[in-house]
Amino acid sequence: MVRVLALLRLGAFLGLAALLAAGPAVPRPVASLRGILAAEHARIVTPGLKRALASPDEAIAVRAALAIGRTKRRDGEPFLVSRLHDPRAAVRAMSVYGIGLIASGKQTHAIHAALFDASGAVRVAALDAADRYAVAHVVTGDSAEGLAAAVVTRLASDRDPIVRARAAATLASFAGAPNAGAALRALVRAVTRDRDPLVRRFAMWSIFRDYAKAAPEAFLVRSLGDRDEVVRIEAVRAIGMRRSAGDAPVVLPLLNDRSWRVQEQASETLRLIDGKKPTDHWKALPPWLHVPARVADPLQSLPAFPRTRFQGPSKAPTVASVLRDARLWSVTLDPRSASAMSGPARGLHPRVRIVTTQGNVYVALFPEWAPFTVENFLSLANRGYY
């Protein structure tokens, strides 16, 4: 069980953190940021937020686009649409991302066009928006078919493997589209032919999630012997979705797979095939599991903070509390590439160590994407909630 939670110190502060440390005077970018965060927190599209979206300061414009999306208000959508031709790729990317957050269903054509943008960041954002439209069921019929076809094109031919991987994941949400058969064929081709392991893994994951019963049996069986551990795991999971007693003989050999993760998943798939429920948790490791030797934790000697008694719920995060916490501004959103749009910004992030009786768990937090959520989590941790 969890005994204590400790925060690791941050190093140098970058981007807006330098502005926050400038003293009592409030420089213009920080003043703009305060207005952006206030509008996001209140979920309203203010005149100041609209002006910030058109700011020549790229960081401010990007953060404003995200804030408008976070409000989920449709009256903010036209302002995001107006920035889809901004010369700055980061602004275009976050604008189409915000359109996806609002998910009105009215911007299918804009999302489709963004899927063919010259910037990988914009294409990734458009894939996210397409996924949100599909999950929210605001795109159907010919529109859904057109979006799915564009996503298939990205999977089949995009030069950036991160975009192809995101396209593969997005196709899981279009399993109900009229051209789902074409999507499945594209996923099978990606697993079979793509040279990038990330693409192959996400393609096999999508097959497991929503195409398992329609996937060719020979393909699934062949994938059980794939060189990539994750592809084998997802193939075993896909076979488990079929719940066919005839699949047991092809799964049994994987109980001796060289990967303990594949072994574990094979045992779960055999339970499903046998009509049993998935295992809730193991109380002990089975003797046949090839568990690798434990790797020493290089931070084990770092002393943990003493566990404090829970002091009661803290106040909800406010704009002021977020701006005061410099840990939240060690990095700034700068989504100019597919990798930057798909993960944390460059720079140091707050990290949390969770000390348990079975070893330590480390969690990285991404305040550039969700400052209020991160501030709330850190506040609760400091008050002994965890």
# chains A, B, ... in the order shown; residues from 1 in each chain; ligands from 1
>>> closest_atom_pairs(of="range 58-176 of chain A", to="range 328-341 of chain A", cutoff="10 Å", atoms="only C-alpha atoms", output="tab-separated table")
residue	atom	partner	partner_atom	distance
A:Glu58	CA	A:Asp334	CA	8.4
A:Ala59	CA	A:Asp334	CA	6.8
A:Ile60	CA	A:Leu333	CA	9.4
A:Val62	CA	A:Leu333	CA	7.4
A:Arg63	CA	A:Leu333	CA	7.3
A:Leu66	CA	A:Leu333	CA	9.8
A:Arg88	CA	A:Arg336	CA	8.3
A:Ala89	CA	A:Arg336	CA	5.8
A:Ala90	CA	A:Arg336	CA	4.7
A:Val91	CA	A:Pro335	CA	8.1
A:Arg92	CA	A:Arg336	CA	9.4
A:Ala93	CA	A:Pro335	CA	7.2
A:Met94	CA	A:Pro335	CA	7.6
A:Tyr97	CA	A:Met341	CA	9.5
A:Ser119	CA	A:Ser337	CA	7.0
A:Gly120	CA	A:Ala338	CA	4.7
A:Ala121	CA	A:Ala338	CA	4.1
A:Val122	CA	A:Ala338	CA	7.6
A:Arg123	CA	A:Ala338	CA	7.6
A:Val124	CA	A:Ala338	CA	6.0
A:Ala125	CA	A:Met341	CA	7.0
A:Asp160	CA	A:Ala338	CA	7.8
A:Pro161	CA	A:Ala338	CA	9.2
A:Ile162	CA	A:Ala338	CA	6.4
A:Val163	CA	A:Ala338	CA	6.7
A:Arg166	CA	A:Ala338	CA	9.7
>>> select_by_dssp(residues="range 151-374 of chain A", states="helix (DSSP H, G or I)", output="number ranges by chain")
A: 151-157, 161-174, 180-193, 197-211, 217-223, 229-242, 245-256, 260-273, 319-324, 326-329, 338-342, 371-374
>>> residues_around(residues="Leu272 in chain A", least_positions_apart="5", cutoff="8 Å", atoms="only C-alpha atoms", output="list in words")
Gly240, Met241, Arg243, Lys277 and Pro278 of chain A
>>> residues_around(residues="Gly176 in chain A", least_positions_apart="4", cutoff="12 Å", atoms="only C-alpha atoms", output="list of chain:residue names")
A:Ala134, A:Val135, A:His137, A:Val139, A:Thr140, A:Gly141, A:Ala144, A:Glu145, A:Ala148, A:Leu171, A:Ala172, A:Ala180, A:Gly181, A:Ala182, A:Ala183, A:Leu184, A:Asp210, A:Tyr211
>>> write_last_selection(atoms="N, CA, C and O atoms", output="compact mmCIF listing (two decimals), in the first residue's frame")
# COMPACT_ATOMS: atom_id res chain seq x y z
N ALA A 134 -15.61 11.71 -33.72
CA ALA A 134 -16.15 10.35 -33.83
C ALA A 134 -16.67 9.85 -32.48
O ALA A 134 -17.75 9.26 -32.40
N VAL A 135 -15.90 10.07 -31.42
CA VAL A 135 -16.30 9.59 -30.09
C VAL A 135 -17.56 10.30 -29.61
O VAL A 135 -18.42 9.69 -28.96
N HIS A 137 -19.91 11.28 -31.49
CA HIS A 137 -20.99 10.94 -32.44
C HIS A 137 -21.60 12.18 -33.08
O HIS A 137 -22.81 12.25 -33.30
N VAL A 139 -20.31 13.27 -36.00
CA VAL A 139 -20.02 13.11 -37.42
C VAL A 139 -20.52 11.74 -37.86
O VAL A 139 -20.19 10.72 -37.26
N THR A 140 -21.37 11.72 -38.88
CA THR A 140 -21.97 10.47 -39.33
C THR A 140 -22.05 10.45 -40.86
O THR A 140 -21.76 11.45 -41.53
N GLY A 141 -22.46 9.33 -41.39
CA GLY A 141 -22.72 9.21 -42.82
C GLY A 141 -21.53 9.56 -43.69
O GLY A 141 -20.39 9.14 -43.44
N ALA A 144 -18.51 11.17 -41.90
CA ALA A 144 -17.68 10.20 -41.19
C ALA A 144 -16.84 9.40 -42.16
O ALA A 144 -15.66 9.13 -41.91
N GLU A 145 -17.44 9.03 -43.28
CA GLU A 145 -16.70 8.26 -44.28
C GLU A 145 -15.53 9.07 -44.84
O GLU A 145 -14.43 8.56 -45.03
N ALA A 148 -12.80 9.36 -42.14
CA ALA A 148 -12.11 8.08 -41.99
C ALA A 148 -11.16 7.84 -43.15
O ALA A 148 -10.04 7.35 -42.96
N LEU A 171 -8.18 5.49 -35.91
CA LEU A 171 -9.08 4.60 -36.66
C LEU A 171 -9.91 3.71 -35.73
O LEU A 171 -10.96 3.20 -36.15
N ALA A 172 -9.48 3.53 -34.49
CA ALA A 172 -10.29 2.74 -33.56
C ALA A 172 -11.65 3.38 -33.35
O ALA A 172 -12.65 2.69 -33.12
N ALA A 180 -15.48 1.06 -42.71
CA ALA A 180 -14.68 0.43 -41.66
C ALA A 180 -13.80 -0.68 -42.24
O ALA A 180 -12.71 -0.95 -41.73
N GLY A 181 -14.28 -1.33 -43.29
CA GLY A 181 -13.48 -2.40 -43.91
C GLY A 181 -12.17 -1.87 -44.45
O GLY A 181 -11.11 -2.49 -44.30
N ALA A 182 -12.20 -0.69 -45.06
CA ALA A 182 -10.98 -0.08 -45.58
C ALA A 182 -10.05 0.31 -44.44
O ALA A 182 -8.82 0.19 -44.56
N ALA A 183 -10.62 0.77 -43.33
CA ALA A 183 -9.81 1.12 -42.17
C ALA A 183 -9.10 -0.11 -41.63
O ALA A 183 -7.91 -0.07 -41.31
N LEU A 184 -9.82 -1.23 -41.53
CA LEU A 184 -9.20 -2.47 -41.04
C LEU A 184 -8.08 -2.93 -41.97
O LEU A 184 -7.00 -3.32 -41.51
N ASP A 210 -11.26 -2.44 -31.58
CA ASP A 210 -12.54 -2.33 -32.28
C ASP A 210 -12.67 -3.16 -33.56
O ASP A 210 -13.72 -3.08 -34.20
N TYR A 211 -11.64 -3.90 -33.92
CA TYR A 211 -11.72 -4.67 -35.17
C TYR A 211 -11.39 -6.14 -34.96
O TYR A 211 -11.22 -6.88 -35.94
>>> residues_around(residues="Arg242 in chain A", least_positions_apart="5", cutoff="8 Å", atoms="only C-alpha atoms", output="PDB file with N, CA and C atoms, in the first residue's frame")
ATOM      1  N   ALA A 212     -11.281  -6.600 -33.723  1.00  0.00           N
ATOM      2  CA  ALA A 212     -10.784  -7.950 -33.449  1.00  0.00           C
ATOM      3  C   ALA A 212     -11.629  -9.033 -34.122  1.00  0.00           C
ATOM      4  N   LYS A 213     -12.936  -8.890 -34.039  1.00  0.00           N
ATOM      5  CA  LYS A 213     -13.796  -9.951 -34.569  1.00  0.00           C
ATOM      6  C   LYS A 213     -13.820  -9.975 -36.094  1.00  0.00           C
ATOM      7  N   ILE A 273     -11.335 -17.319 -23.207  1.00  0.00           N
ATOM      8  CA  ILE A 273     -11.745 -18.389 -24.114  1.00  0.00           C
ATOM      9  C   ILE A 273     -12.499 -19.474 -23.356  1.00  0.00           C
TER      10      ILE A 273
END
>>> closest_residue(among="A:Leu380, A:Val191, A:Ala168, A:Leu198", to="Lys315 in chain A", atoms="only C-alpha atoms")
A:Leu380
